[in-house]
file work-v3.cif (mmCIF, C-alpha atoms and all ligand atoms)
data_run
#
loop_
_atom_site.group_PDB
_atom_site.id
_atom_site.type_symbol
_atom_site.label_atom_id
_atom_site.label_comp_id
_atom_site.auth_asym_id
_atom_site.auth_seq_id
_atom_site.Cartn_x
_atom_site.Cartn_y
_atom_site.Cartn_z
ATOM 1 C CA MET A 24 -4.078 -37.642 -28.261
ATOM 2 C CA LYS A 25 -0.878 -39.537 -29.008
ATOM 3 C CA PRO A 26 -0.881 -43.357 -28.804
ATOM 4 C CA TYR A 27 0.058 -44.768 -25.404
ATOM 5 C CA LEU A 28 3.335 -46.531 -24.698
ATOM 6 C CA ILE A 29 3.349 -48.387 -21.366
ATOM 7 C CA VAL A 30 6.819 -49.335 -20.159
ATOM 8 C CA LYS A 31 6.999 -51.643 -17.149
ATOM 9 C CA ILE A 32 10.420 -51.896 -15.548
ATOM 10 C CA GLY A 33 11.369 -54.621 -13.123
ATOM 11 C CA GLY A 34 14.137 -56.864 -11.912
ATOM 12 C CA ALA A 35 17.524 -55.224 -11.425
ATOM 13 C CA VAL A 36 16.605 -52.527 -13.997
ATOM 14 C CA ALA A 37 14.081 -50.913 -11.605
ATOM 15 C CA THR A 38 16.839 -49.880 -9.188
ATOM 16 C CA ASP A 39 19.979 -49.502 -11.337
ATOM 17 C CA THR A 40 20.595 -45.741 -11.402
ATOM 18 C CA GLN A 41 22.861 -45.724 -14.465
ATOM 19 C CA LEU A 42 20.520 -47.853 -16.578
ATOM 20 C CA LEU A 43 17.496 -45.882 -15.420
ATOM 21 C CA GLN A 44 19.043 -42.580 -16.444
ATOM 22 C CA LYS A 45 19.583 -43.967 -19.945
ATOM 23 C CA LEU A 46 16.128 -45.500 -20.170
ATOM 24 C CA LEU A 47 14.443 -42.313 -18.912
ATOM 25 C CA THR A 48 16.417 -40.284 -21.447
ATOM 26 C CA ASP A 49 15.243 -42.654 -24.201
ATOM 27 C CA LEU A 50 11.676 -42.198 -22.921
ATOM 28 C CA SER A 51 12.001 -38.415 -22.976
ATOM 29 C CA GLN A 52 12.828 -38.727 -26.677
ATOM 30 C CA ALA A 53 9.908 -41.050 -27.491
ATOM 31 C CA THR A 54 7.810 -37.998 -28.326
ATOM 32 C CA ASP A 55 5.499 -39.863 -30.732
ATOM 33 C CA TYR A 56 3.927 -41.511 -27.709
ATOM 34 C CA ALA A 57 2.152 -40.579 -24.490
ATOM 35 C CA CYS A 58 4.372 -42.556 -22.111
ATOM 36 C CA VAL A 59 3.463 -44.181 -18.814
ATOM 37 C CA LEU A 60 6.025 -45.934 -16.614
ATOM 38 C CA VAL A 61 5.004 -48.794 -14.306
ATOM 39 C CA HIS A 62 7.583 -50.264 -11.973
ATOM 40 C CA GLY A 63 8.151 -53.319 -9.832
ATOM 41 C CA GLY A 64 10.922 -53.672 -7.287
ATOM 42 C CA GLY A 65 10.466 -57.194 -6.030
ATOM 43 C CA LYS A 66 14.160 -57.684 -5.319
ATOM 44 C CA GLU A 67 14.225 -54.651 -2.995
ATOM 45 C CA VAL A 68 11.030 -55.823 -1.277
ATOM 46 C CA THR A 69 12.549 -59.264 -0.665
ATOM 47 C CA ALA A 70 15.800 -57.759 0.649
ATOM 48 C CA LEU A 71 14.072 -55.549 3.241
ATOM 49 C CA SER A 72 11.545 -58.287 4.115
ATOM 50 C CA GLU A 73 14.379 -60.652 4.924
ATOM 51 C CA ARG A 74 16.180 -58.024 7.028
ATOM 52 C CA LEU A 75 12.945 -57.656 9.018
ATOM 53 C CA GLY A 76 12.641 -61.414 9.436
ATOM 54 C CA TYR A 77 9.916 -62.189 6.897
ATOM 55 C CA GLN A 78 10.278 -65.215 4.652
ATOM 56 C CA ALA A 79 9.265 -64.323 1.071
ATOM 57 C CA GLU A 80 6.842 -66.847 -0.429
ATOM 58 C CA PHE A 81 6.010 -67.205 -4.119
ATOM 59 C CA ARG A 82 3.465 -69.367 -5.945
ATOM 60 C CA SER A 83 3.716 -69.580 -9.750
ATOM 61 C CA GLY A 84 6.000 -66.550 -9.594
ATOM 62 C CA LEU A 85 3.489 -64.482 -7.607
ATOM 63 C CA ARG A 86 4.504 -63.081 -4.208
ATOM 64 C CA ILE A 87 2.109 -64.242 -1.491
ATOM 65 C CA THR A 88 2.049 -61.127 0.701
ATOM 66 C CA SER A 89 1.401 -61.312 4.449
ATOM 67 C CA PRO A 90 -0.019 -58.277 6.321
ATOM 68 C CA GLY A 91 3.469 -57.561 7.728
ATOM 69 C CA GLU A 92 5.061 -57.742 4.299
ATOM 70 C CA MET A 93 2.379 -55.414 2.939
ATOM 71 C CA GLU A 94 3.908 -52.697 5.090
ATOM 72 C CA VAL A 95 7.273 -53.445 3.474
ATOM 73 C CA VAL A 96 5.717 -53.323 0.005
ATOM 74 C CA ASP A 97 4.188 -49.900 0.753
ATOM 75 C CA MET A 98 7.501 -48.586 2.097
ATOM 76 C CA VAL A 99 9.680 -49.965 -0.680
ATOM 77 C CA LEU A 100 7.513 -49.666 -3.797
ATOM 78 C CA GLY A 101 5.376 -46.651 -2.896
ATOM 79 C CA GLY A 102 8.266 -45.073 -0.997
ATOM 80 C CA LYS A 103 11.878 -45.612 -1.919
ATOM 81 C CA VAL A 104 11.608 -46.995 -5.456
ATOM 82 C CA ASN A 105 8.835 -44.695 -6.676
ATOM 83 C CA ILE A 106 10.312 -41.543 -5.141
ATOM 84 C CA SER A 107 13.779 -42.300 -6.552
ATOM 85 C CA LEU A 108 12.328 -42.802 -10.028
ATOM 86 C CA VAL A 109 10.354 -39.556 -9.896
ATOM 87 C CA ARG A 110 13.464 -37.652 -8.752
ATOM 88 C CA MET A 111 15.584 -39.191 -11.492
ATOM 89 C CA ALA A 112 13.024 -38.465 -14.210
ATOM 90 C CA THR A 113 12.613 -34.888 -12.979
ATOM 91 C CA GLN A 114 16.386 -34.440 -12.985
ATOM 92 C CA ILE A 115 16.548 -35.245 -16.711
ATOM 93 C CA GLY A 116 13.741 -32.811 -17.528
ATOM 94 C CA LEU A 117 10.627 -35.003 -17.542
ATOM 95 C CA LYS A 118 7.474 -33.787 -15.780
ATOM 96 C CA ALA A 119 7.142 -36.893 -13.609
ATOM 97 C CA VAL A 120 4.360 -37.682 -11.139
ATOM 98 C CA GLY A 121 4.397 -40.708 -8.808
ATOM 99 C CA LEU A 122 1.125 -42.607 -8.399
ATOM 100 C CA GLY A 123 -0.098 -45.853 -6.868
ATOM 101 C CA GLY A 124 -3.178 -47.948 -7.521
ATOM 102 C CA GLN A 125 -5.193 -46.110 -4.872
ATOM 103 C CA ASP A 126 -4.603 -42.665 -6.392
ATOM 104 C CA GLY A 127 -7.674 -41.474 -8.285
ATOM 105 C CA LYS A 128 -9.007 -45.063 -7.921
ATOM 106 C CA LEU A 129 -6.610 -46.084 -10.673
ATOM 107 C CA PHE A 130 -6.922 -49.776 -9.787
ATOM 108 C CA SER A 131 -9.730 -51.452 -7.853
ATOM 109 C CA ALA A 132 -8.574 -54.782 -6.514
ATOM 110 C CA LYS A 133 -9.572 -57.704 -4.321
ATOM 111 C CA ALA A 134 -7.470 -60.018 -2.190
ATOM 112 C CA LEU A 135 -6.634 -63.385 -3.702
ATOM 113 C CA THR A 136 -7.867 -66.472 -1.906
ATOM 114 C CA VAL A 137 -4.834 -68.694 -1.415
ATOM 115 C CA ASP A 138 -4.938 -72.170 0.181
ATOM 116 C CA GLY A 139 -3.448 -72.129 3.681
ATOM 117 C CA VAL A 140 -2.977 -68.321 3.748
ATOM 118 C CA PRO A 141 -5.495 -66.747 6.182
ATOM 119 C CA ASP A 142 -5.041 -63.028 5.374
ATOM 120 C CA CYS A 143 -3.396 -62.821 1.975
ATOM 121 C CA ARG A 144 -2.540 -59.261 0.946
ATOM 122 C CA THR A 145 -1.737 -60.140 -2.653
ATOM 123 C CA GLY A 146 -4.397 -58.571 -4.832
ATOM 124 C CA GLN A 147 -5.966 -59.032 -8.198
ATOM 125 C CA ILE A 148 -7.144 -56.075 -10.280
ATOM 126 C CA LEU A 149 -10.886 -55.888 -10.922
ATOM 127 C CA ALA A 150 -11.141 -52.530 -12.670
ATOM 128 C CA CYS A 151 -8.986 -49.699 -13.916
ATOM 129 C CA ASP A 152 -10.017 -46.023 -13.914
ATOM 130 C CA THR A 153 -7.692 -44.222 -16.320
ATOM 131 C CA SER A 154 -9.065 -40.697 -15.930
ATOM 132 C CA LEU A 155 -6.190 -39.372 -13.792
ATOM 133 C CA VAL A 156 -3.550 -40.956 -16.041
ATOM 134 C CA ARG A 157 -5.207 -39.526 -19.164
ATOM 135 C CA LEU A 158 -5.406 -36.098 -17.546
ATOM 136 C CA LEU A 159 -1.709 -36.160 -16.642
ATOM 137 C CA CYS A 160 -0.619 -37.415 -20.074
ATOM 138 C CA SER A 161 -2.724 -34.800 -21.867
ATOM 139 C CA GLU A 162 -0.777 -32.137 -19.954
ATOM 140 C CA GLY A 163 2.575 -33.669 -20.816
ATOM 141 C CA TYR A 164 3.255 -35.381 -17.476
ATOM 142 C CA LEU A 165 4.881 -38.792 -17.176
ATOM 143 C CA PRO A 166 2.946 -40.918 -14.646
ATOM 144 C CA ILE A 167 5.311 -43.245 -12.744
ATOM 145 C CA ILE A 168 3.124 -45.950 -11.251
ATOM 146 C CA HIS A 169 3.668 -48.516 -8.515
ATOM 147 C CA SER A 170 1.256 -51.363 -8.051
ATOM 148 C CA THR A 171 0.130 -51.077 -4.434
ATOM 149 C CA CYS A 172 -3.674 -51.048 -4.386
ATOM 150 C CA MET A 173 -6.523 -51.205 -1.911
ATOM 151 C CA ALA A 174 -9.444 -53.500 -1.234
ATOM 152 C CA THR A 175 -13.003 -52.233 -0.691
ATOM 153 C CA ASP A 176 -12.395 -52.443 3.082
ATOM 154 C CA GLY A 177 -9.594 -49.878 2.700
ATOM 155 C CA GLN A 178 -6.732 -52.314 3.403
ATOM 156 C CA GLY A 179 -3.618 -52.310 1.255
ATOM 157 C CA LEU A 180 -3.048 -54.925 -1.424
ATOM 158 C CA ASN A 181 0.068 -55.826 -3.344
ATOM 159 C CA VAL A 182 -0.575 -56.468 -7.037
ATOM 160 C CA ASN A 183 2.104 -57.908 -9.298
ATOM 161 C CA ALA A 184 3.387 -54.948 -11.339
ATOM 162 C CA ASP A 185 3.142 -56.938 -14.593
ATOM 163 C CA GLU A 186 -0.596 -57.286 -13.970
ATOM 164 C CA ALA A 187 -0.929 -53.563 -13.222
ATOM 165 C CA ALA A 188 0.857 -52.702 -16.483
ATOM 166 C CA GLN A 189 -1.359 -55.115 -18.402
ATOM 167 C CA ALA A 190 -4.589 -53.732 -16.904
ATOM 168 C CA LEU A 191 -3.485 -50.190 -17.698
ATOM 169 C CA ALA A 192 -2.405 -51.052 -21.252
ATOM 170 C CA VAL A 193 -5.774 -52.676 -21.953
ATOM 171 C CA ALA A 194 -7.796 -49.844 -20.381
ATOM 172 C CA LEU A 195 -5.805 -47.199 -22.295
ATOM 173 C CA GLU A 196 -5.897 -49.291 -25.510
ATOM 174 C CA ALA A 197 -2.156 -48.763 -25.617
ATOM 175 C CA GLU A 198 -0.279 -49.144 -28.878
ATOM 176 C CA VAL A 199 2.650 -50.816 -27.123
ATOM 177 C CA LEU A 200 3.180 -52.547 -23.775
ATOM 178 C CA LEU A 201 6.859 -53.113 -23.116
ATOM 179 C CA TYR A 202 8.109 -55.257 -20.249
ATOM 180 C CA VAL A 203 11.724 -54.385 -19.462
ATOM 181 C CA SER A 204 13.522 -56.701 -17.058
ATOM 182 C CA ASP A 205 17.004 -58.003 -16.321
ATOM 183 C CA ILE A 206 16.848 -60.598 -19.125
ATOM 184 C CA ARG A 207 17.177 -60.084 -22.907
ATOM 185 C CA GLY A 208 13.738 -61.613 -23.536
ATOM 186 C CA VAL A 209 12.058 -64.936 -22.883
ATOM 187 C CA LEU A 210 14.960 -67.371 -23.013
ATOM 188 C CA LYS A 211 15.181 -71.004 -24.057
ATOM 189 C CA ASN A 212 18.556 -72.761 -23.972
ATOM 190 C CA GLY A 213 20.157 -69.335 -23.542
ATOM 191 C CA GLN A 214 18.596 -67.923 -26.740
ATOM 192 C CA VAL A 215 15.842 -65.286 -26.947
ATOM 193 C CA ILE A 216 12.567 -66.703 -28.299
ATOM 194 C CA ALA A 217 11.593 -64.095 -30.933
ATOM 195 C CA ARG A 218 7.831 -64.741 -30.931
ATOM 196 C CA LEU A 219 5.455 -66.548 -28.581
ATOM 197 C CA ASP A 220 1.699 -67.053 -28.616
ATOM 198 C CA GLU A 221 -0.523 -68.249 -25.776
ATOM 199 C CA GLU A 222 -0.322 -71.935 -26.672
ATOM 200 C CA ALA A 223 3.457 -71.864 -27.044
ATOM 201 C CA LEU A 224 4.018 -70.010 -23.789
ATOM 202 C CA GLU A 225 1.810 -72.417 -21.812
ATOM 203 C CA ASN A 226 3.820 -75.298 -23.321
ATOM 204 C CA GLU A 227 7.068 -73.646 -22.198
ATOM 205 C CA ILE A 228 5.641 -73.150 -18.678
ATOM 206 C CA ASP A 229 4.647 -76.850 -18.566
ATOM 207 C CA ALA A 230 8.123 -77.803 -19.793
ATOM 208 C CA GLY A 231 9.755 -75.707 -17.049
ATOM 209 C CA VAL A 232 11.484 -73.419 -19.584
ATOM 210 C CA ILE A 233 9.486 -70.451 -18.284
ATOM 211 C CA SER A 234 9.432 -70.267 -14.476
ATOM 212 C CA GLY A 235 9.328 -67.882 -11.501
ATOM 213 C CA GLY A 236 8.487 -64.244 -12.212
ATOM 214 C CA MET A 237 8.447 -64.925 -15.948
ATOM 215 C CA ILE A 238 5.197 -66.915 -15.552
ATOM 216 C CA PRO A 239 2.954 -63.961 -14.585
ATOM 217 C CA LYS A 240 4.807 -61.782 -17.097
ATOM 218 C CA VAL A 241 4.102 -63.946 -20.170
ATOM 219 C CA ARG A 242 0.526 -64.655 -19.045
ATOM 220 C CA ASN A 243 -0.185 -60.940 -18.544
ATOM 221 C CA ALA A 244 1.494 -60.171 -21.867
ATOM 222 C CA SER A 245 -0.724 -62.679 -23.628
ATOM 223 C CA GLU A 246 -3.852 -61.321 -21.915
ATOM 224 C CA ALA A 247 -2.933 -57.791 -22.990
ATOM 225 C CA VAL A 248 -2.675 -58.894 -26.631
ATOM 226 C CA SER A 249 -5.969 -60.767 -26.578
ATOM 227 C CA GLU A 250 -7.724 -57.819 -24.894
ATOM 228 C CA GLY A 251 -6.757 -55.193 -27.434
ATOM 229 C CA CYS A 252 -3.283 -53.834 -26.672
ATOM 230 C CA GLY A 253 -1.502 -53.327 -30.017
ATOM 231 C CA ARG A 254 1.878 -54.950 -29.380
ATOM 232 C CA VAL A 255 3.524 -56.538 -26.356
ATOM 233 C CA ILE A 256 7.286 -56.991 -26.078
ATOM 234 C CA ILE A 257 9.406 -58.515 -23.295
ATOM 235 C CA GLY A 258 13.065 -57.557 -23.312
ATOM 236 C CA GLY A 259 16.079 -56.141 -21.565
ATOM 237 C CA TYR A 260 17.733 -52.745 -21.395
ATOM 238 C CA GLN A 261 21.483 -52.327 -21.436
ATOM 239 C CA SER A 262 22.438 -49.134 -23.254
ATOM 240 C CA THR A 263 21.159 -45.880 -24.728
ATOM 241 C CA GLY A 264 18.938 -46.479 -27.758
ATOM 242 C CA ASP A 265 17.710 -49.896 -26.569
ATOM 243 C CA LEU A 266 14.173 -48.512 -26.243
ATOM 244 C CA SER A 267 13.965 -47.850 -30.008
ATOM 245 C CA ARG A 268 15.492 -51.260 -30.755
ATOM 246 C CA LEU A 269 12.848 -52.960 -28.602
ATOM 247 C CA LEU A 270 10.043 -50.901 -30.171
ATOM 248 C CA ALA A 271 11.332 -51.757 -33.650
ATOM 249 C CA GLY A 272 11.223 -55.469 -32.777
ATOM 250 C CA GLU A 273 15.003 -55.783 -33.213
ATOM 251 C CA SER A 274 15.432 -57.328 -29.773
ATOM 252 C CA GLY A 275 13.321 -59.035 -27.121
ATOM 253 C CA THR A 276 10.360 -61.389 -27.402
ATOM 254 C CA THR A 277 7.110 -60.351 -29.089
ATOM 255 C CA ILE A 278 3.984 -61.915 -27.619
ATOM 256 C CA HIS A 279 1.353 -62.345 -30.337
ATOM 257 C CA ASP A 280 -2.160 -63.755 -30.619
ATOM 258 C CA GLY A 281 -1.342 -66.744 -32.763
ATOM 259 C CA VAL A 282 -2.288 -65.339 -36.167
HETATM 260 N N1 LIG B 301 12.518 -68.624 -19.785
HETATM 261 C C1 LIG B 301 12.876 -67.551 -19.077
HETATM 262 N N2 LIG B 301 13.448 -66.496 -19.712
HETATM 263 C C2 LIG B 301 13.851 -65.403 -19.025
HETATM 264 N N3 LIG B 301 13.725 -65.251 -17.680
HETATM 265 C C3 LIG B 301 13.150 -66.258 -16.991
HETATM 266 C C4 LIG B 301 12.719 -67.460 -17.652
HETATM 267 N N4 LIG B 301 12.205 -68.294 -16.706
HETATM 268 C C5 LIG B 301 12.344 -67.671 -15.527
HETATM 269 N N5 LIG B 301 12.900 -66.442 -15.665
HETATM 270 C C6 LIG B 301 13.163 -65.516 -14.557
HETATM 271 O O1 LIG B 301 12.191 -64.499 -14.566
HETATM 272 C C7 LIG B 301 12.812 -63.311 -14.055
HETATM 273 C C8 LIG B 301 11.973 -62.103 -14.398
HETATM 274 O O2 LIG B 301 10.854 -62.012 -13.525
HETATM 275 P P1 LIG B 301 10.949 -61.166 -12.169
HETATM 276 O O3 LIG B 301 9.577 -61.197 -11.557
HETATM 277 O O4 LIG B 301 12.084 -61.617 -11.355
HETATM 278 O O5 LIG B 301 11.334 -59.715 -12.691
HETATM 279 P P2 LIG B 301 10.421 -58.471 -13.021
HETATM 280 O O6 LIG B 301 8.995 -58.888 -13.189
HETATM 281 O O7 LIG B 301 11.055 -57.765 -14.146
HETATM 282 O O8 LIG B 301 10.586 -57.590 -11.707
HETATM 283 P P3 LIG B 301 9.492 -57.270 -10.551
HETATM 284 O O9 LIG B 301 8.847 -58.593 -10.221
HETATM 285 O O10 LIG B 301 10.305 -56.699 -9.468
HETATM 286 O O11 LIG B 301 8.529 -56.314 -11.154
HETATM 287 C C9 LIG B 301 14.191 -63.351 -14.705
HETATM 288 O O12 LIG B 301 15.132 -62.566 -14.002
HETATM 289 C C10 LIG B 301 14.528 -64.838 -14.654
HETATM 290 O O13 LIG B 301 15.213 -65.157 -13.473
HETATM 291 MG MG MG B 302 7.942 -59.901 -11.617
#
call {"tool": "encode", "arguments": {"input": "work-v3.cif", "output": "structure tokens", "more": "lines below"}}
Ligand SMILES: Nc1ncnc2c1ncn2[C@@H]1O[C@H](COP(=O)(O)OP(=O)(O)OP(=O)(O)O)[C@@H](O)[C@H]1O
Ligand SMILES: [Mg+2]
result
Amino acid sequence: MKPYLIVKIGGAVATDTQLLQKLLTDLSQATDYACVLVHGGGKEVTALSERLGYQAEFRSGLRITSPGEMEVVDMVLGGKVNISLVRMATQIGLKAVGLGGQDGKLFSAKALTVDGVPDCRTGQILACDTSLVRLLCSEGYLPIIHSTCMATDGQGLNVNADEAAQALAVALEAEVLLYVSDIRGVLKNGQVIARLDEEALENEIDAGVISGGMIPKVRNASEAVSEGCGRVIIGGYQSTGDLSRLLAGESGTTIHDGV
């Protein structure tokens, strides 16, 4: 079996048709790897939530999902965003299959306990069953995964997509986990930080350099490295060929284990 490459797309990249077509074409040419795509779509979730009158709430960059918003998450991530990605990938010749955390018990999760939030539908992954993903990859399919999950009581849970990508990368012992977002890498004073380890990234969080959605991203990246994923890179995607540049370490931020 080929080594696994997990690409998580988020921010504006997850819904920008022109960029996605380029990125998916790059992926179709990354034939040395068994590729898996994980996507977020937080901006679209927030936009529809607000139209429906929900106030998005975040703590340390993590969306605190109410039961009403969970319905929005299912509709936007498992519906619109996932379906559009599968159609786009199919259009350029990839054998794409859309999956969520509940499919084939890919992710088992539990609801987070959050102070002052009675029925929090934000979840945390407890276990990852990769058998369906392995089966699809061995037959040349590209799994396109959204991070809705379920609790043992059958209720839906919203897991941060960076965490889903991390859990999958660790369980598949992936060679590379690549976080693609709408930034060129982890930035400090407008410059990309080339390399970060756990101690350095916690210092940058304390200093306020790393904030919002970048907090769960760097922490999940660091966990992936310490739990056996080969390489973890955080970067942006702007034009054709950027995937190879990121994989070659020519752009973005590499998260390493301090040695
Ligand atoms: N030091 C930093 N460097 C780069 N981006 C940062 C930094 N600190 C905070 N950010 C913010 O983090 C954002 C990326 O996280 P965000 O959760 O918004 O995107 P994503 O994880 O790619 O998408 P999604 O959450 O939809 O999956 C950037 O757009 C930026 O606004
Ligand atoms: Mg995010």
call {"tool": "closest_atom_pairs", "arguments": {"input": "work-v3.cif", "of": "chain A", "to": "ligand LIG 301 (chain B)", "cutoff": "9 Å", "atoms": "all atoms listed in the file", "output": "tab-separated table"}}
result
residue	atom	partner	partner_atom	distance
A:Lys31	CA	B:LIG301	O11	7.8
A:Ile32	CA	B:LIG301	O7	6.1
A:Gly33	CA	B:LIG301	O7	3.3
A:Gly34	CA	B:LIG301	O8	3.6
A:Ala35	CA	B:LIG301	O8	7.3
A:Val36	CA	B:LIG301	O7	7.6
A:Ala37	CA	B:LIG301	O10	7.2
A:Val61	CA	B:LIG301	O11	8.9
A:His62	CA	B:LIG301	O11	6.2
A:Gly63	CA	B:LIG301	O11	3.3
A:Gly64	CA	B:LIG301	O10	3.8
A:Gly65	CA	B:LIG301	O10	3.5
A:Lys66	CA	B:LIG301	O10	5.7
A:Glu67	CA	B:LIG301	O10	7.8
A:Val68	CA	B:LIG301	O10	8.3
A:Gly84	CA	B:LIG301	O3	6.7
A:Leu85	CA	B:LIG301	O3	8.0
A:Arg86	CA	B:LIG301	O9	8.7
A:Asn183	CA	B:LIG301	O9	6.8
A:Ala184	CA	B:LIG301	O11	5.3
A:Asp185	CA	B:LIG301	O6	6.3
A:Tyr202	CA	B:LIG301	O7	7.2
A:Val203	CA	B:LIG301	O7	6.3
A:Ser204	CA	B:LIG301	O7	4.0
A:Asp205	CA	B:LIG301	O12	5.5
A:Ile206	CA	B:LIG301	C2	5.7
A:Arg207	CA	B:LIG301	C2	7.4
A:Gly208	CA	B:LIG301	C2	5.9
A:Val209	CA	B:LIG301	N2	3.8
A:Leu210	CA	B:LIG301	N2	3.7
A:Lys211	CA	B:LIG301	N1	5.6
A:Asn212	CA	B:LIG301	N1	8.4
A:Gly213	CA	B:LIG301	N2	8.2
A:Gln214	CA	B:LIG301	N2	8.8
A:Val215	CA	B:LIG301	N2	7.7
A:Ile216	CA	B:LIG301	N2	8.6
A:Glu227	CA	B:LIG301	N1	7.8
A:Ile228	CA	B:LIG301	N1	8.3
A:Gly231	CA	B:LIG301	N4	7.8
A:Val232	CA	B:LIG301	N1	4.9
A:Ile233	CA	B:LIG301	N4	3.8
A:Ser234	CA	B:LIG301	C5	4.0
A:Gly235	CA	B:LIG301	C5	5.0
A:Gly236	CA	B:LIG301	O3	3.3
A:Met237	CA	B:LIG301	O1	4.0
A:Ile238	CA	B:LIG301	C5	7.2
A:Pro239	CA	B:LIG301	O3	7.8
A:Lys240	CA	B:LIG301	O6	6.4
A:Gly258	CA	B:LIG301	C2	9.0
call {"tool": "closest_residue", "arguments": {"input": "work-v3.cif", "among": "A:Asp49, A:Asp126, A:Glu186, A:Asp138", "to": "ligand MG 302 (chain B)", "atoms": "only C-alpha atoms and all ligand atoms"}}
result
A:Glu186
call {"tool": "residues_around", "arguments": {"input": "work-v3.cif", "residues": "A:Ile148", "least_positions_apart": "6", "cutoff": "7 Å", "atoms": "all atoms listed in the file", "output": "count of residues only"}}
result
4
call {"tool": "resolve_selection", "arguments": {"input": "work-v3.cif", "expression": "the PyMOL selection byres (((chain A and resi 272) around 12) and not hetatm)", "output": "list in words"}}
result
Val199, Leu201, Gly208, Ala217, Arg218, Arg254, Val255, Ile256, Ile257, Gly258, Asp265, Leu266, Ser267, Arg268, Leu269, Leu270, Ala271, Glu273, Ser274, Gly275, Thr276, Thr277 and Ile278 of chain A
call {"tool": "residues_around", "arguments": {"input": "work-v3.cif", "residues": "A:Ile106", "least_positions_apart": "4", "cutoff": "10 Å", "atoms": "all atoms listed in the file", "output": "ChimeraX atom specification"}}
result
/A:99-102,110-112,120-122,167
call {"tool": "residues_around", "arguments": {"input": "work-v3.cif", "residues": "A:Leu46", "least_positions_apart": "2", "cutoff": "8 Å", "atoms": "only C-alpha atoms", "output": "list in words"}}
result
Leu42, Leu43, Gln44, Thr48, Asp49, Leu50, Tyr260, Ser262, Thr263, Asp265 and Leu266 of chain A
call {"tool": "atom_distance", "arguments": {"input": "work-v3.cif", "atom1": "atom CA of A:Cys151", "atom2": "atom CA of A:Ala134"}}
result
15.7 Å
call {"tool": "closest_residue", "arguments": {"input": "work-v3.cif", "among": "A:Arg157, A:His169, A:Arg242, A:Lys25", "to": "A:Tyr56", "atoms": "only C-alpha atoms"}}
result
A:Lys25
call {"tool": "closest_residue", "arguments": {"input": "work-v3.cif", "among": "A:Thr38, A:Thr175, A:Gln147, A:Ser170", "to": "A:Ala188", "atoms": "only C-alpha atoms"}}
result
A:Ser170
call {"tool": "atom_distance", "arguments": {"input": "work-v3.cif", "atom1": "atom CA of A:Gly91", "atom2": "atom CA of A:Arg144"}}
result
9.2 Å
call {"tool": "resolve_selection", "arguments": {"input": "work-v3.cif", "expression": "the PyMOL selection byres (((chain A and resi 58) around 7) and not hetatm)", "output": "list in words"}}
result
Tyr27, Leu28, Ile29, Tyr56, Ala57, Val59, Leu60 and Leu165 of chain A
call {"tool": "atom_distance", "arguments": {"input": "work-v3.cif", "atom1": "atom CA of A:Gly124", "atom2": "atom CA of A:Asp142"}}
result
19.9 Å
call {"tool": "axis_aligned_box", "arguments": {"input": "work-v3.cif", "around": "stretch 135-152 of chain A", "padding_each_side": "4 Å", "output": "AutoDock Vina command-line options"}}
result
--center_x -6.4 --center_y -59.1 --center_z -3.9 --size_x 17.4 --size_y 34.1 --size_z 28.1
call {"tool": "residues_around", "arguments": {"input": "work-v3.cif", "residues": "A:Glu222", "least_positions_apart": "5", "cutoff": "10 Å", "atoms": "only C-alpha atoms", "output": "list of chain:residue names"}}
result
A:Glu227, A:Ser245, A:Asp280, A:Gly281
call {"tool": "closest_residue", "arguments": {"input": "work-v3.cif", "among": "A:Val95, A:Gly177, A:Phe81, A:Asp152", "to": "ligand MG 302 (chain B)", "atoms": "all atoms listed in the file"}}
result
A:Phe81
call {"tool": "resolve_selection", "arguments": {"input": "work-v3.cif", "expression": "the PyMOL selection byres (((chain A and resi 90) around 9) and not hetatm)", "output": "compact mmCIF listing (two decimals) with C-alpha atoms, keeping the file's coordinate frame"}}
result
# COMPACT_ATOMS: atom_id res chain seq x y z
CA THR A 88 2.05 -61.13 0.70
CA SER A 89 1.40 -61.31 4.45
CA GLY A 91 3.47 -57.56 7.73
CA GLU A 92 5.06 -57.74 4.30
CA MET A 93 2.38 -55.41 2.94
CA GLU A 94 3.91 -52.70 5.09
CA ASP A 142 -5.04 -63.03 5.37
CA CYS A 143 -3.40 -62.82 1.98
CA ARG A 144 -2.54 -59.26 0.95
CA GLY A 179 -3.62 -52.31 1.25
CA LEU A 180 -3.05 -54.92 -1.42
call {"tool": "closest_residue", "arguments": {"input": "work-v3.cif", "among": "A:Lys118, A:Glu196, A:Val241, A:Asp55", "to": "ligand MG 302 (chain B)", "atoms": "all atoms listed in the file"}}
result
A:Val241
call {"tool": "closest_residue", "arguments": {"input": "work-v3.cif", "among": "A:Ser161, A:Ser249, A:Thr153, A:Gln178", "to": "A:Leu191", "atoms": "all atoms listed in the file"}}
result
A:Thr153
call {"tool": "build_atoms", "arguments": {"input": "work-v3.cif", "residues": "stretch 262-266 of chain A", "atoms": "N, CA and C atoms", "output": "mmCIF file, in the coordinates of the input"}}
result
data_model
loop_
_atom_site.group_PDB
_atom_site.id
_atom_site.type_symbol
_atom_site.label_atom_id
_atom_site.label_comp_id
_atom_site.auth_asym_id
_atom_site.auth_seq_id
_atom_site.Cartn_x
_atom_site.Cartn_y
_atom_site.Cartn_z
ATOM 1 N N SER A 262 21.768 -50.392 -22.907
ATOM 2 C CA SER A 262 22.438 -49.134 -23.254
ATOM 3 C C SER A 262 21.509 -48.192 -24.006
ATOM 4 N N THR A 263 21.933 -46.924 -24.059
ATOM 5 C CA THR A 263 21.159 -45.880 -24.728
ATOM 6 C C THR A 263 20.716 -46.347 -26.112
ATOM 7 N N GLY A 264 19.456 -46.088 -26.449
ATOM 8 C CA GLY A 264 18.938 -46.479 -27.758
ATOM 9 C C GLY A 264 18.226 -47.821 -27.736
ATOM 10 N N ASP A 265 18.364 -48.579 -26.634
ATOM 11 C CA ASP A 265 17.710 -49.896 -26.569
ATOM 12 C C ASP A 265 16.189 -49.788 -26.653
ATOM 13 N N LEU A 266 15.627 -48.662 -26.175
ATOM 14 C CA LEU A 266 14.173 -48.512 -26.243
ATOM 15 C C LEU A 266 13.707 -48.567 -27.701
#
